[in-house]
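What follows is the content of input.tsv, which has TSV, C-alpha atoms:
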```tsv
chain	number	residue	atom	x	y	z
B	1	MET	CA	119.99	68.65	10.93
B	2	ALA	CA	116.73	70.62	11.32
B	3	VAL	CA	118.06	72.15	14.53
B	4	HIS	CA	121.22	73.28	12.72
B	5	ARG	CA	119.19	75.08	10.00
B	6	SER	CA	117.05	76.78	12.64
B	7	LEU	CA	120.14	78.00	14.48
B	8	VAL	CA	121.69	79.36	11.28
B	9	ILE	CA	118.47	81.15	10.32
B	10	PHE	CA	118.16	82.58	13.83
B	11	ALA	CA	121.77	83.79	13.74
B	12	ILE	CA	121.27	85.49	10.37
B	13	VAL	CA	118.13	87.26	11.59
B	14	ALA	CA	119.86	88.33	14.81
B	15	PHE	CA	122.78	89.82	12.88
B	16	MET	CA	120.52	91.57	10.37
B	17	ALA	CA	118.08	93.10	12.88
B	18	PRO	CA	120.27	96.10	13.82
B	19	THR	CA	120.81	97.05	10.15
B	20	ILE	CA	117.14	97.50	9.30
B	21	SER	CA	116.63	100.89	7.67
B	22	LEU	CA	114.86	103.66	9.52
B	23	ALA	CA	113.45	105.14	6.27
B	24	MET	CA	109.90	106.43	6.61
B	25	ASP	CA	106.94	106.29	4.26
B	26	TYR	CA	104.73	109.38	4.43
B	27	VAL	CA	101.21	109.51	3.05
B	28	VAL	CA	100.91	113.16	2.02
B	29	GLY	CA	98.02	114.67	3.98
B	30	ASP	CA	97.73	111.51	6.13
B	31	ASP	CA	94.09	110.31	6.06
B	32	ASN	CA	93.03	113.31	3.95
B	33	GLY	CA	95.37	112.42	1.13
B	34	TRP	CA	96.13	114.83	-1.73
B	35	LYS	CA	93.07	117.03	-2.24
B	36	LEU	CA	91.74	120.55	-1.90
B	37	GLU	CA	91.08	122.12	1.50
B	38	VAL	CA	94.06	120.49	3.21
B	39	ASN	CA	96.84	122.68	4.58
B	40	TYR	CA	99.99	120.89	3.43
B	41	THR	CA	102.24	123.47	5.09
B	42	ASP	CA	100.72	122.49	8.43
B	43	TRP	CA	100.94	118.81	7.52
B	44	ALA	CA	104.69	119.04	6.79
B	45	LYS	CA	105.77	121.51	9.50
B	46	ASP	CA	106.51	118.98	12.26
B	47	LYS	CA	108.02	116.34	10.00
B	48	GLN	CA	111.65	115.80	9.14
B	49	PHE	CA	112.25	114.16	5.78
B	50	TYR	CA	115.46	112.28	5.07
B	51	VAL	CA	117.11	110.81	1.99
B	52	GLY	CA	115.60	107.34	1.58
B	53	ASP	CA	112.14	108.32	2.82
B	54	THR	CA	109.18	108.13	0.46
B	55	LEU	CA	106.15	110.31	-0.17
B	56	LEU	CA	102.90	108.65	-1.19
B	57	PHE	CA	100.37	110.90	-2.88
B	58	LYS	CA	96.90	109.32	-2.64
B	59	TYR	CA	94.14	111.08	-4.57
B	60	ASN	CA	91.24	110.75	-6.98
B	61	ASN	CA	93.03	110.71	-10.33
B	62	ALA	CA	89.91	111.91	-12.15
B	63	GLY	CA	90.34	115.31	-10.49
B	64	HIS	CA	93.96	115.69	-9.37
B	65	ASN	CA	97.58	114.94	-10.24
B	66	VAL	CA	101.07	115.65	-8.90
B	67	TYR	CA	103.91	117.60	-10.51
B	68	LYS	CA	107.39	117.96	-9.09
B	69	VAL	CA	108.36	121.56	-9.84
B	70	THR	CA	111.05	124.15	-9.18
B	71	GLY	CA	110.80	126.69	-6.39
B	72	ASP	CA	109.84	129.43	-8.85
B	73	ASP	CA	107.13	127.28	-10.43
B	74	PHE	CA	105.88	126.39	-6.95
B	75	ASN	CA	105.62	130.06	-5.95
B	76	GLY	CA	103.91	131.00	-9.22
B	77	CYS	CA	101.79	127.83	-9.42
B	78	ASN	CA	103.20	127.23	-12.89
B	79	VAL	CA	102.36	123.78	-14.25
B	80	PRO	CA	105.03	122.30	-16.54
B	81	SER	CA	103.86	121.94	-20.14
B	82	ASN	CA	105.56	118.54	-20.35
B	83	ASN	CA	103.09	115.95	-19.03
B	84	SER	CA	105.92	113.43	-18.61
B	85	LEU	CA	106.89	115.43	-15.50
B	86	GLY	CA	103.53	114.71	-13.87
B	87	LEU	CA	102.12	111.76	-11.97
B	88	PHE	CA	98.56	110.71	-12.63
B	89	THR	CA	97.79	107.32	-11.01
B	90	GLY	CA	96.21	108.50	-7.75
B	91	ASN	CA	98.67	106.35	-5.83
B	92	ASP	CA	102.02	107.94	-6.66
B	93	LYS	CA	105.14	107.05	-4.70
B	94	ILE	CA	108.12	109.40	-4.78
B	95	ASN	CA	111.45	108.30	-3.36
B	96	LEU	CA	113.39	111.12	-1.73
B	97	ALA	CA	116.76	110.28	-3.25
B	98	ALA	CA	118.64	113.55	-2.69
B	99	ALA	CA	118.87	116.20	0.00
B	100	GLY	CA	117.46	119.67	-0.59
B	101	LYS	CA	114.21	121.51	-1.08
B	102	LYS	CA	111.42	119.71	-2.98
B	103	TRP	CA	108.25	121.25	-4.38
B	104	TYR	CA	105.05	119.52	-5.53
B	105	ILE	CA	101.82	120.96	-6.91
B	106	CYS	CA	98.53	119.77	-8.32
B	107	GLY	CA	98.48	120.70	-12.00
B	108	VAL	CA	94.70	120.95	-12.34
B	109	THR	CA	93.72	124.53	-13.12
B	110	GLY	CA	93.31	126.57	-9.93
B	111	HIS	CA	94.19	123.81	-7.46
B	112	CYS	CA	97.70	125.03	-6.69
B	113	ASN	CA	96.41	128.56	-6.12
B	114	GLN	CA	93.85	127.10	-3.71
B	115	GLY	CA	96.67	125.59	-1.63
B	116	MET	CA	97.12	122.16	-3.17
B	117	LYS	CA	100.90	122.32	-3.03
B	118	LEU	CA	103.64	120.92	-0.82
B	119	LYS	CA	107.12	122.19	-0.03
B	120	ILE	CA	109.54	120.08	2.02
B	121	THR	CA	113.23	120.01	2.86
B	122	VAL	CA	114.95	116.64	2.62
B	123	LEU	CA	117.88	116.20	4.99
B	124	ASP	CA	120.98	114.16	4.27
B	125	GLY	CA	121.65	111.07	6.35
B	126	THR	CA	119.22	108.86	8.17
B	127	ALA	CA	116.45	109.66	10.59
B	128	PRO	CA	117.50	109.76	14.23
B	129	ALA	CA	116.33	106.92	16.41
B	130	PRO	CA	113.19	107.68	18.38
B	131	PRO	CA	113.75	108.73	22.00
B	132	PRO	CA	114.01	105.76	24.34
B	133	ASN	CA	111.05	104.72	26.42
B	134	ALA	CA	110.54	101.63	28.52
B	135	ALA	CA	109.43	99.49	25.57
B	136	SER	CA	112.22	100.59	23.21
B	137	THR	CA	114.88	100.20	25.91
B	138	LEU	CA	113.66	96.68	26.59
B	139	LEU	CA	113.66	95.96	22.85
B	140	ALA	CA	117.22	97.28	22.50
B	141	LYS	CA	118.37	95.00	25.31
B	142	ALA	CA	116.53	92.08	23.76
B	143	THR	CA	118.16	92.78	20.41
B	144	ASN	CA	121.64	92.80	21.97
B	145	PHE	CA	120.78	89.58	23.77
B	146	GLN	CA	119.58	88.04	20.53
B	147	ILE	CA	122.83	88.97	18.81
B	148	VAL	CA	124.93	87.37	21.54
B	149	LEU	CA	122.65	84.34	21.64
B	150	GLY	CA	122.77	84.06	17.85
B	151	MET	CA	126.57	84.17	17.82
B	152	THR	CA	126.76	81.62	20.63
B	153	LEU	CA	124.31	79.26	18.97
B	154	SER	CA	126.10	79.64	15.61
B	155	ILE	CA	129.42	78.69	17.18
B	156	ALA	CA	127.80	75.80	19.03
B	157	ALA	CA	126.16	74.58	15.81
B	158	ALA	CA	129.47	74.78	13.96
B	159	LEU	CA	131.21	72.78	16.70
B	160	ILE	CA	128.48	70.14	16.63
B	161	MET	CA	128.87	69.74	12.87
B	162	VAL	CA	132.62	69.09	13.18
```

Mind converting the file's structure to structure tokens?
Amino acid sequence: MAVHRSLVIFAIVAFMAPTISLAMDYVVGDDNGWKLEVNYTDWAKDKQFYVGDTLLFKYNNAGHNVYKVTGDDFNGCNVPSNNSLGLFTGNDKINLAAAGKKWYICGVTGHCNQGMKLKITVLDGTAPAPPPNAASTLLAKATNFQIVLGMTLSIAAALIMV
């Protein structure tokens, strides 16, 4: 009976493996986090953001915050007067739930004007798979093998139980 459970679990995992989401989590500014003297335009320029990805703003909450703003407020460094629009924990996660342009600024006086702001474009759909290399090609073949093996073992287990 223990073998049967193992086979069923293996089959479920093998079937689920190809459906794992490719959503990415981005720490804004990477190791620098969200602070002054980081060029967030440079940080974002080579990245493609997709619906389902997340942004993580890591910062010292005694001296910074994050506001999601409009394009006009971004360009003018206008901080919303409604504090409920801001994030203040120092470890703020934002899910990118819709495609389009997104703008974020630090609402502390002068910080946005000193470059503490981020503009990104979120694309619809899912991120493309990374280009194949020897390791990923081998993994893809192994995954296909696991699926076939899982189906075979599931059928065998079902026949044994009859």

Quick one: everything within 7 Å of stretch 123-125 of chain B, counting only C-alpha atoms, minus sequence neighbours fewer than 6 positions away in the same chain. Send it as a PyMOL selection string. chain B and resi 49-51+99-100

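Distance check against B:Leu85 using only C-alpha atoms: of B:Lys45, B:Lys68, B:His111, B:Lys119, the minimum falls on B:Lys68.
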
Can you list, as number ranges by chain, every protein, DNA or RNA residue that comes within 10 Å of B:Trp43 when you count only C-alpha atoms, leaving out same-chain residues fewer than 4 positions away? B: 28-30, 38-39, 47, 118

Rounded to one decimal, what separation in Å do you get between atom CA of B:Gly52 and atom CA of B:Met24? 7.7 Å

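A straight line drawn from atom CA of B:Lys102 to atom CA of B:Asp42 is 15.9 Å long.
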
Long-range neighbours of B:Lys101 as JSON, numbers by chain, 10 Å cut-off, all atoms listed in the file, 2 positions minimum in chain: {"B": [70, 71, 98, 99, 103, 119, 120, 121, 122, 123]}

Using C-alpha atoms, can you write the selected residues to a file as a PDB file, in the frame of the given file?
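The resulting selection_22.pdb:
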```pdb
ATOM      1  CA  THR B  70     111.050 124.150  -9.180  1.00  0.00           C
ATOM      2  CA  GLY B  71     110.800 126.690  -6.390  1.00  0.00           C
ATOM      3  CA  ALA B  98     118.640 113.550  -2.690  1.00  0.00           C
ATOM      4  CA  ALA B  99     118.870 116.200   0.000  1.00  0.00           C
ATOM      5  CA  TRP B 103     108.250 121.250  -4.380  1.00  0.00           C
ATOM      6  CA  LYS B 119     107.120 122.190  -0.030  1.00  0.00           C
ATOM      7  CA  ILE B 120     109.540 120.080   2.020  1.00  0.00           C
ATOM      8  CA  THR B 121     113.230 120.010   2.860  1.00  0.00           C
ATOM      9  CA  VAL B 122     114.950 116.640   2.620  1.00  0.00           C
ATOM     10  CA  LEU B 123     117.880 116.200   4.990  1.00  0.00           C
TER      11      LEU B 123
END
```

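Atom CA of B:Lys35 to atom CA of B:Leu22 spans 28.1 Å [interatomic distance, one decimal].
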
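Those residues positioned at most 12 Å from (88.8, 114.9, -12.8) are Lys35, Tyr59, Asn60, Asn61, Ala62, Gly63, His64, Asn65, Phe88, Thr89, Gly90, Cys106, Gly107, Val108, Thr109 and His111 of chain B, judged using only C-alpha atoms.
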
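Closest approach to B:Lys117 among B:Asn91, B:Pro80, B:Tyr104, B:Leu96 is made by B:Tyr104 (distances from all atoms listed in the file).
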
Once you count all atoms listed in the file, which residues end up no further than 7 Å from (105.1, 113.3, -13.6) in the file's frame, shown as a ChimeraX atom specification? /B:66-68,83-87
